[in-house]
Amino acid sequence: MNIEKRNPVLSFALPLETLLFNLFVIFLCSTFAFAQPGPRAADAKAGNPGTQTAAGERDGQRDFDFELGSWKIHLKRRLHPLTGSNTWIDFDGTSVTRKLWDGRAQIEEFETDGLGGHIEGLTLRTYDPQTRQWRLYWANSKDGAVVVPQIGKFKDGQGEFYAQDTFDGKSIFVRFIWSKTDTSKPHFEQAFSEDGGKTWEVNWITDQTRVDEAPQKER
């Protein structure tokens, strides 16, 4: 939180022209100061100290290349998150991921069906080469709203992405974890925390199986 510092109130009167000139100068200076780029709130949430990257830090703009193509999806979803319930429902479906911006962004179309109904959504992933972090934006066709982006990166073969959001009127943290990305069956988990990240409850699990897209030989 930034606390605004104000100058002490002047104890003597100034000519109107001088006062207006001083106010104009202060306005120009403050406008210039606020126009300068500063640390981004999203980077601060993700634990990044700023936009500068430490020397030798790995470039991760190809870390989601494993997702490109077509997949069969098996989804397990906790029916009532953060209530103590352990009731899960299953869905099956497909997803297709395409690259944009020469691989620095992706769009995934996701569609599943199960006892819990029909889920159709998409994920937009964008890569920031300065922070070397990914932003993951999810939207559900039911309401068309794009949720707060998850921000993070891959390390030692596992991707972790975090955001702060609300659920049933409560402020929570959300965590995405991608693992097994070097196999033909990547694994994804979403978890919520209502105690500031001390404990996490997983509520969404997907396992993917790649669909063979090998072109047929010409006859």
# chains A, B, ... in the order shown; residues from 1 in each chain; ligands from 1

$ closest_atom_pairs --of "stretch 131-198 of chain A" --to "stretch 67-85 of chain A" --cutoff "10 Å" --atoms "only C-alpha atoms" --output "Markdown table"
| residue | atom | partner | partner_atom | distance |
| --- | --- | --- | --- | --- |
| A:Phe167 | CA | A:Leu82 | CA | 9.2 |
| A:Asp168 | CA | A:Leu82 | CA | 9.7 |
| A:Thr181 | CA | A:Glu67 | CA | 8.3 |
| A:Ser184 | CA | A:Trp71 | CA | 9.8 |
| A:Lys185 | CA | A:Trp71 | CA | 9.3 |
| A:Pro186 | CA | A:Glu67 | CA | 8.4 |
| A:Phe188 | CA | A:Leu75 | CA | 9.5 |
| A:Glu189 | CA | A:Lys76 | CA | 9.6 |
| A:Gln190 | CA | A:Arg77 | CA | 9.5 |
| A:Ala191 | CA | A:Pro81 | CA | 9.2 |
| A:Phe192 | CA | A:Leu82 | CA | 7.7 |
| A:Ser193 | CA | A:Leu82 | CA | 8.3 |
| A:Glu194 | CA | A:Leu82 | CA | 8.0 |

$ closest_atom_pairs --of "stretch 59-112 of chain A" --to "stretch 141-154 of chain A" --cutoff "12 Å" --atoms "only C-alpha atoms" --output "Markdown table"
| residue | atom | partner | partner_atom | distance |
| --- | --- | --- | --- | --- |
| A:Asp59 | CA | A:Lys153 | CA | 9.9 |
| A:Gly60 | CA | A:Phe154 | CA | 7.2 |
| A:Gln61 | CA | A:Lys153 | CA | 9.5 |
| A:Arg62 | CA | A:Phe154 | CA | 10.3 |
| A:Asp63 | CA | A:Phe154 | CA | 7.0 |
| A:Phe64 | CA | A:Phe154 | CA | 9.2 |
| A:Glu109 | CA | A:Ser141 | CA | 10.6 |
| A:Phe110 | CA | A:Ser141 | CA | 10.1 |
| A:Glu111 | CA | A:Ser141 | CA | 9.9 |

$ write_last_selection --atoms "C-alpha atoms" --output "CSV table (one decimal), in the first residue's frame"
chain,number,residue,atom,x,y,z
A,59,ASP,CA,14.2,-18.8,-20.7
A,60,GLY,CA,10.8,-20.6,-20.4
A,61,GLN,CA,8.9,-19.5,-23.4
A,62,ARG,CA,8.8,-23.0,-24.8
A,63,ASP,CA,7.8,-24.6,-21.5
A,64,PHE,CA,4.2,-25.1,-22.7
A,109,GLU,CA,-10.1,-25.1,-26.3
A,110,PHE,CA,-11.5,-27.5,-23.6
A,111,GLU,CA,-14.7,-29.4,-23.6

$ residues_around --residues "stretch 103-106 of chain A" --least-positions-apart "3" --cutoff "7 Å" --atoms "only C-alpha atoms" --output "list in words"
Gln61, Arg62, Thr97, Arg98, Lys99, Leu100, Leu124, Arg125, Thr126 and Tyr127 of chain A

$ select_by_dssp --residues "stretch 41-180 of chain A" --states "strand (DSSP E or B)" --output "PyMOL selection string"
chain A and resi 69-78+88-100+105-114+117-128+133-140+146+150-155+158-167+170-179
